[in-house]
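Chemist: Provided below: upload-v4.csv, containing CSV, C-alpha atoms.
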chain,number,residue,atom,x,y,z
Z,1418,MET,CA,45.7,28.2,-6.3
Z,1419,TYR,CA,46.7,26.7,-9.7
Z,1420,ARG,CA,44.3,23.8,-9.0
Z,1421,PHE,CA,41.3,25.6,-7.6
Z,1422,GLY,CA,41.8,29.3,-8.5
Z,1423,GLY,CA,42.2,32.2,-6.2
Z,1424,THR,CA,40.2,33.3,-3.1
Z,1425,GLY,CA,36.5,34.1,-3.4
Z,1426,ILE,CA,34.2,36.7,-2.0
Z,1427,PRO,CA,30.5,35.6,-1.6
Z,1428,GLU,CA,27.8,37.8,-3.0
Z,1429,GLY,CA,26.2,39.7,-0.1
Z,1430,GLY,CA,29.2,39.1,2.1
Z,1431,CYS,CA,28.9,37.1,5.3
Z,1432,LYS,CA,25.1,37.9,5.4
Z,1433,GLY,CA,24.8,36.2,2.0
Z,1434,ILE,CA,26.1,32.9,3.5
Z,1435,ILE,CA,23.7,33.1,6.4
Z,1436,ASP,CA,20.8,33.9,4.1
Z,1437,ALA,CA,21.6,30.9,1.9
Z,1438,LEU,CA,21.9,28.6,4.9
Z,1439,GLU,CA,18.5,29.9,6.2
Z,1440,THR,CA,16.9,29.2,2.8
Z,1441,VAL,CA,18.2,25.6,2.8
Z,1442,ILE,CA,17.1,24.9,6.3
Z,1443,SER,CA,13.6,26.3,5.8
Z,1444,ALA,CA,13.2,24.5,2.4
Z,1445,ASN,CA,13.9,21.2,4.2
Z,1446,GLY,CA,11.4,21.8,7.0
Z,1447,GLY,CA,13.9,22.9,9.5
Z,1448,LYS,CA,13.2,25.4,12.3
Z,1449,ILE,CA,15.5,28.2,13.4
Z,1450,HIS,CA,15.5,29.4,17.0
Z,1451,THR,CA,17.0,32.8,17.6
Z,1452,GLY,CA,17.7,34.7,20.8
Z,1453,GLN,CA,18.0,31.5,22.9
Z,1454,GLU,CA,21.0,30.3,25.0
Z,1455,VAL,CA,21.9,26.7,25.0
Z,1456,SER,CA,22.7,25.9,28.6
Z,1457,LYS,CA,23.4,22.1,28.4
Z,1458,ILE,CA,24.0,19.3,25.9
Z,1459,LEU,CA,22.1,16.2,27.0
Z,1460,ILE,CA,24.1,12.9,27.0
Z,1461,GLU,CA,22.5,9.5,27.6
Z,1462,ASN,CA,24.5,6.3,27.7
Z,1463,GLY,CA,27.4,7.9,25.9
Z,1464,LYS,CA,25.2,9.3,23.1
Z,1465,ALA,CA,23.9,12.8,22.3
Z,1466,ALA,CA,20.2,13.0,23.3
Z,1467,GLY,CA,19.4,16.7,22.8
Z,1468,ILE,CA,19.9,20.1,24.3
Z,1469,ILE,CA,18.4,22.5,26.9
Z,1470,ALA,CA,17.8,26.0,25.7
Z,1471,ASP,CA,16.0,28.6,27.8
Z,1472,ASP,CA,14.9,25.8,30.2
Z,1473,ARG,CA,13.3,23.9,27.4
Z,1474,ILE,CA,14.4,20.4,26.4
Z,1475,HIS,CA,14.9,19.7,22.7
Z,1476,ASP,CA,15.3,16.0,22.0
Z,1477,ALA,CA,17.7,14.9,19.3
Z,1478,ASP,CA,19.9,12.0,18.3
Z,1479,LEU,CA,22.4,14.3,16.6
Z,1480,VAL,CA,23.9,17.5,18.0
Z,1481,ILE,CA,26.4,19.6,16.1
Z,1482,SER,CA,28.1,22.5,17.9
Z,1483,ASN,CA,30.0,25.4,16.4
Z,1484,LEU,CA,31.3,26.6,19.8
Z,1485,GLY,CA,34.7,24.9,19.6
Z,1486,HIS,CA,35.7,21.9,21.7
Z,1487,ALA,CA,36.4,23.8,24.9
Z,1488,ALA,CA,33.0,25.5,25.2
Z,1489,THR,CA,31.2,22.4,23.9
Z,1490,ALA,CA,32.9,20.3,26.7
Z,1491,VAL,CA,31.6,22.7,29.3
Z,1492,LEU,CA,28.0,22.2,28.1
Z,1493,CYS,CA,28.3,18.4,28.6
Z,1494,SER,CA,30.9,18.4,31.4
Z,1495,GLU,CA,28.6,16.3,33.8
Z,1496,ALA,CA,28.8,13.4,31.4
Z,1497,LEU,CA,32.6,13.6,30.9
Z,1498,SER,CA,34.6,11.2,33.1
Z,1499,LYS,CA,38.0,12.6,34.0
Z,1500,GLU,CA,39.5,9.1,33.9
Z,1501,ALA,CA,37.9,7.8,30.8
Z,1502,ASP,CA,38.1,11.1,28.9
Z,1503,ALA,CA,41.5,12.2,30.2
Z,1504,ALA,CA,43.0,12.6,26.7
Z,1505,TYR,CA,40.0,14.7,25.6
Z,1506,PHE,CA,40.4,17.0,28.7
Z,1507,LYS,CA,44.1,17.3,28.0
Z,1508,MET,CA,43.5,18.2,24.4
Z,1509,VAL,CA,40.8,20.8,25.2
Z,1510,GLY,CA,43.1,22.4,27.8
Z,1511,THR,CA,45.9,22.9,25.3
Z,1512,LEU,CA,43.9,24.6,22.6
Z,1513,GLN,CA,45.1,28.1,21.9
Z,1514,PRO,CA,42.8,30.6,20.1
Z,1515,SER,CA,44.3,32.9,17.5
Z,1516,ALA,CA,44.0,36.7,17.7
Z,1517,GLY,CA,43.8,39.3,15.0
Z,1518,ILE,CA,42.7,42.8,13.9
Z,1519,LYS,CA,40.7,43.9,11.0
Z,1520,ILE,CA,40.7,47.5,9.6
Z,1521,CYS,CA,37.9,48.4,7.2
Z,1522,LEU,CA,38.5,51.3,4.8
Z,1523,ALA,CA,36.1,53.3,2.6
Z,1524,ALA,CA,37.4,55.1,-0.6
Z,1525,ASP,CA,36.0,56.8,-3.6
Z,1526,GLU,CA,38.5,55.0,-5.9
Z,1527,PRO,CA,39.7,51.4,-5.9
Z,1528,LEU,CA,42.6,50.8,-3.6
Z,1529,VAL,CA,43.4,47.2,-4.7
Z,1530,GLY,CA,41.6,46.9,-8.0
Z,1531,HIS,CA,40.9,43.2,-8.1
Z,1532,THR,CA,39.0,40.5,-6.3
Z,1533,GLY,CA,42.1,38.6,-4.9
Z,1534,VAL,CA,44.1,39.1,-1.8
Z,1535,LEU,CA,46.9,41.6,-1.8
Z,1536,LEU,CA,49.7,39.9,0.3
Z,1537,THR,CA,52.0,42.3,2.1
Z,1538,PRO,CA,55.1,40.5,3.3
Z,1539,TYR,CA,57.2,43.6,3.9
Z,1540,THR,CA,54.8,45.4,6.3
Z,1541,ARG,CA,55.1,45.5,10.1
Z,1542,ARG,CA,51.7,44.0,10.9
Z,1543,ILE,CA,49.2,43.9,8.0
Z,1544,ASN,CA,49.2,40.5,6.4
Z,1545,GLY,CA,46.7,40.8,3.6
Z,1546,VAL,CA,44.2,43.2,2.0
Z,1547,ASN,CA,41.1,42.5,0.0
Z,1548,GLU,CA,38.6,44.9,-1.7
Z,1549,VAL,CA,35.3,43.1,-1.4
Z,1550,THR,CA,33.4,45.6,-3.6
Z,1551,GLN,CA,35.4,44.4,-6.6
Z,1552,ALA,CA,33.4,41.2,-6.3
Z,1553,ASP,CA,30.1,42.6,-5.1
Z,1554,PRO,CA,29.6,46.4,-5.5
Z,1555,GLU,CA,26.4,46.1,-3.3
Z,1556,LEU,CA,28.6,45.8,-0.2
Z,1557,ALA,CA,29.1,49.6,-0.3
Z,1558,PRO,CA,27.0,52.7,-1.3
Z,1559,PRO,CA,27.1,53.6,-5.0
Z,1560,GLY,CA,30.5,55.1,-6.0
Z,1561,LYS,CA,32.2,53.8,-2.8
Z,1562,HIS,CA,34.7,50.9,-2.3
Z,1563,LEU,CA,35.1,48.8,0.8
Z,1564,THR,CA,38.6,47.4,1.6
Z,1565,MET,CA,39.3,45.0,4.5
Z,1566,CYS,CA,42.8,44.8,5.9
Z,1567,HIS,CA,43.8,41.9,8.1
Z,1568,GLN,CA,46.7,41.5,10.6
Z,1569,TYR,CA,47.8,38.8,12.9
Z,1570,VAL,CA,48.3,39.5,16.6
Z,1571,ALA,CA,50.9,37.3,18.4
Z,1572,PRO,CA,49.7,35.9,21.8
Z,1573,GLU,CA,52.3,38.0,23.7
Z,1574,ASN,CA,50.9,41.2,22.0
Z,1575,VAL,CA,47.3,40.8,22.8
Z,1576,LYS,CA,47.9,43.0,25.9
Z,1577,ASN,CA,49.2,45.8,23.5
Z,1578,LEU,CA,46.3,46.0,21.1
Z,1579,GLU,CA,46.5,49.8,20.8
Z,1580,SER,CA,50.1,49.8,19.6
Z,1581,GLU,CA,49.3,46.8,17.3
Z,1582,ILE,CA,46.5,48.9,15.7
Z,1583,GLU,CA,48.8,51.9,15.3
Z,1584,MET,CA,51.4,49.8,13.5
Z,1585,GLY,CA,48.7,48.5,11.2
Z,1586,LEU,CA,47.5,52.0,10.4
Z,1587,GLU,CA,51.1,53.0,9.7
Z,1588,ASP,CA,51.4,50.0,7.3
Z,1589,LEU,CA,48.3,51.2,5.4
Z,1590,LYS,CA,49.8,54.6,4.8
Z,1591,GLU,CA,52.8,52.9,3.2
Z,1592,ILE,CA,50.7,50.3,1.3
Z,1593,PHE,CA,48.5,53.1,-0.2
Z,1594,PRO,CA,50.7,56.1,-0.5
Z,1595,GLY,CA,48.9,59.2,-1.7
Z,1596,LYS,CA,45.5,57.5,-1.6
Z,1597,ARG,CA,42.5,59.1,0.0
Z,1598,TYR,CA,40.6,56.7,2.3
Z,1599,GLU,CA,38.5,56.8,5.5
Z,1600,VAL,CA,38.9,54.3,8.3
Z,1601,LEU,CA,35.4,53.0,8.9
Z,1602,LEU,CA,36.0,50.4,11.6
Z,1603,ILE,CA,38.7,48.7,13.6
Z,1604,GLN,CA,37.9,45.3,15.1
Z,1605,SER,CA,40.0,43.2,17.4
Z,1606,TYR,CA,39.4,39.5,18.0
Z,1607,HIS,CA,41.1,37.6,20.9
Z,1608,ASP,CA,40.6,35.4,24.0
Z,1609,GLU,CA,36.9,34.5,24.4
Z,1610,TRP,CA,36.0,36.2,21.0
Z,1611,PRO,CA,39.0,35.1,18.8
Z,1612,VAL,CA,39.7,34.9,15.1
Z,1613,ASN,CA,39.7,31.1,15.4
Z,1614,ARG,CA,38.9,29.1,18.6
Z,1615,ALA,CA,41.8,26.8,17.5
Z,1616,ALA,CA,44.8,28.3,15.7
Z,1617,SER,CA,45.4,27.0,12.2
Z,1618,GLY,CA,47.1,23.7,12.2
Z,1619,THR,CA,46.1,22.8,15.7
Z,1620,ASP,CA,42.4,21.8,15.1
Z,1621,PRO,CA,41.7,18.5,16.9
Z,1622,GLY,CA,39.1,17.2,14.4
Z,1623,ASN,CA,35.3,17.1,14.7
Z,1624,GLU,CA,34.6,14.2,17.0
Z,1625,THR,CA,34.0,14.1,20.7
Z,1626,PRO,CA,33.9,11.3,23.3
Z,1627,PHE,CA,30.2,11.0,22.7
Z,1628,SER,CA,28.4,9.4,19.7
Z,1629,GLY,CA,26.2,11.8,17.8
Z,1630,LEU,CA,28.0,14.9,19.2
Z,1631,TYR,CA,30.2,16.7,16.7
Z,1632,VAL,CA,32.1,20.0,16.6
Z,1633,VAL,CA,32.4,22.2,13.6
Z,1634,GLY,CA,33.3,25.9,13.0
Z,1635,ASP,CA,36.6,27.8,13.5
Z,1636,GLY,CA,37.6,25.5,16.4
Z,1637,ALA,CA,37.4,22.3,14.3
Z,1638,LYS,CA,38.5,23.2,10.8
Z,1639,GLY,CA,39.3,20.6,8.2
Z,1640,LYS,CA,42.8,19.6,7.3
Z,1641,GLY,CA,44.6,22.1,5.1
Z,1642,GLY,CA,42.0,24.9,5.7
Z,1643,ILE,CA,42.7,28.1,7.5
Z,1644,GLU,CA,39.6,30.4,7.6
Z,1645,VAL,CA,36.2,30.0,5.9
Z,1646,GLU,CA,37.4,27.2,3.7
Z,1647,GLY,CA,38.6,25.4,6.8
Z,1648,VAL,CA,35.2,25.7,8.4
Z,1649,ALA,CA,33.6,24.3,5.2
Z,1650,LEU,CA,36.1,21.3,5.2
Z,1651,GLY,CA,35.2,20.5,8.8
Z,1652,VAL,CA,31.5,20.6,8.0
Z,1653,MET,CA,32.1,18.3,5.0
Z,1654,SER,CA,33.9,15.9,7.2
Z,1655,VAL,CA,31.0,15.7,9.7
Z,1656,MET,CA,28.6,15.2,6.8
Z,1657,GLU,CA,30.6,12.2,5.6
Z,1658,LYS,CA,30.6,10.7,9.1
Z,1659,VAL,CA,26.8,11.3,9.6
Z,1660,LEU,CA,25.7,10.1,6.2
Z,1661,GLY,CA,28.2,7.3,6.2
Rewrite the structure of this file - the entire thing - as structure tokens.

Modeler:
Amino acid sequence: MYRFGGTGIPEGGCKGIIDALETVISANGGKIHTGQEVSKILIENGKAAGIIADDRIHDADLVISNLGHAATAVLCSEALSKEADAAYFKMVGTLQPSAGIKICLAADEPLVGHTGVLLTPYTRRINGVNEVTQADPELAPPGKHLTMCHQYVAPENVKNLESEIEMGLEDLKEIFPGKRYEVLLIQSYHDEWPVNRAASGTDPGNETPFSGLYVVGDGAKGKGGIEVEGVALGVMSVMEKVLG
């Protein structure tokens, strides 16, 4: 934090990132296909050769997947040899996704009062809180504040999400005593729709057994990164490999 500063909140929230990515792709002549399911990654002679989406072949000499290693391996499983790629199969089988809960609050007055993360080490479940409207007031209606509260869910507690949520809500009463707020939304992420497809510190890198096939996203974060910055570090690593 001393070297790079505190955490950041993008203008426009997550949508702002997607809009910026769309602008860059379109400005460079790229095409964006929506509403299509990729059913297969094509591999020829150990190299990525394209994909099949909605029964249509898209040829390519470079394929970058953000599905995580396990789901990516499923899409090209026919080309994987259980003997030659035994180590990769073993790695994919040991990956553990991380689970979590996010509680979004609306309030007429600031609950946190700054753009950083309020760390809460003495709570039962809530790990951190950030008030995104401190960075971008447009993320809520005029006069309102949007606060996001994050909590980790241990693997053994995924089956007890209701009680985990209740403990998080009790934490918030103690974090913001006497404050008036409304619970807008409670989201849980686990199993096939996790917080991260590989828990922080267990990311296996960005390469696959095939040339020209890379994995990025929350299942292949860069070293030292945990969330969004981890995804960015993984993308930077792939860019260096491709451009190099």

Chemist: Would you mind listing, for every residue of stretch 1600-1637 of chain Z within 9 Å of stretch 1522-1533 of chain Z, the two atoms forming the shortest contact and the distance between them in Å to one decimal, using only C-alpha atoms, sorted by chain and ascending residue number, as a tab-separated table?

Modeler:
residue	atom	partner	partner_atom	distance
Z:Val1600	CA	Z:Leu1522	CA	4.6
Z:Leu1601	CA	Z:Leu1522	CA	5.4
Z:Leu1602	CA	Z:Leu1522	CA	7.3

Chemist: Identify, on the basis of only C-alpha atoms, every residue whose closest approach to stretch 1429-1441 of chain Z does not exceed 12 Å; exclude the query and any residue fewer than 4 positions from it along the same chain; express the result as a list in words.

Modeler: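 Once the adjacent positions are removed, what remains is Gly1425, Asn1445, Gly1446, Gly1447, Lys1448, Ile1449, His1450, Thr1451, Glu1548, Val1549, Thr1550, Gln1551, Ala1552, Asp1553, Pro1554, Glu1555, Leu1556, Ala1557, Leu1563, Met1565, Val1645 and Ala1649 of chain Z.
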
Chemist: Kindly indicate which residue among Z:Gly1622, Z:Gly1560, Z:Pro1427, Z:Pro1538 lies nearest to Z:Met1508, using only C-alpha atoms for the distances.

Modeler: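 Going through Z:Gly1622, Z:Gly1560, Z:Pro1427, Z:Pro1538 one by one, the smallest distance to Z:Met1508 is for Z:Gly1622.
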
Chemist: If you measure from atom CA of Z:Gly1510 to atom CA of Z:Leu1650, what distance in Å do you get, rounded to one decimal?

Modeler: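 Atom-to-atom, atom CA of Z:Gly1510 to atom CA of Z:Leu1650, that is 23.7 Å.
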
Chemist: Do you have the atom CA of Z:Val1534-atom CA of Z:Gly1642 distance handy?

Modeler: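 Separating atom CA of Z:Val1534 from atom CA of Z:Gly1642 is a distance of 16.2 Å.
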
Chemist: Residues of stretch 1494-1594 of chain Z within 9 Å of stretch 1473-1487 of chain Z: nearest atom pair and distance (Å, one decimal) for each, counting all atoms listed in the file, sorted by chain and number, as a Markdown table?

Modeler:
| residue | atom | partner | partner_atom | distance |
| --- | --- | --- | --- | --- |
| Z:Phe1506 | CA | Z:Ala1487 | CA | 8.8 |
| Z:Val1509 | CA | Z:Ala1487 | CA | 5.3 |
| Z:Gly1510 | CA | Z:Ala1487 | CA | 7.4 |
| Z:Leu1512 | CA | Z:Ala1487 | CA | 7.9 |

Chemist: Could you tell me how far atom CA of Z:His1607 sits from atom CA of Z:Ser1580, in Å to one decimal place?

Modeler: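 Atom-to-atom, atom CA of Z:Ser1580 and atom CA of Z:His1607 are spaced 15.2 Å apart.
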
Chemist: Counting only C-alpha atoms, which residues sit no farther than 12 Å from the position (30.0, 12.8, 9.4) in the file's frame? I'd like them as a list in words.

Modeler: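 So the residues meeting the distance criterion are Leu1479, Val1480, Ile1481, Gly1622, Asn1623, Glu1624, Ser1628, Gly1629, Leu1630, Tyr1631, Val1632, Val1633, Leu1650, Gly1651, Val1652, Met1653, Ser1654, Val1655, Met1656, Glu1657, Lys1658, Val1659, Leu1660 and Gly1661 of chain Z.
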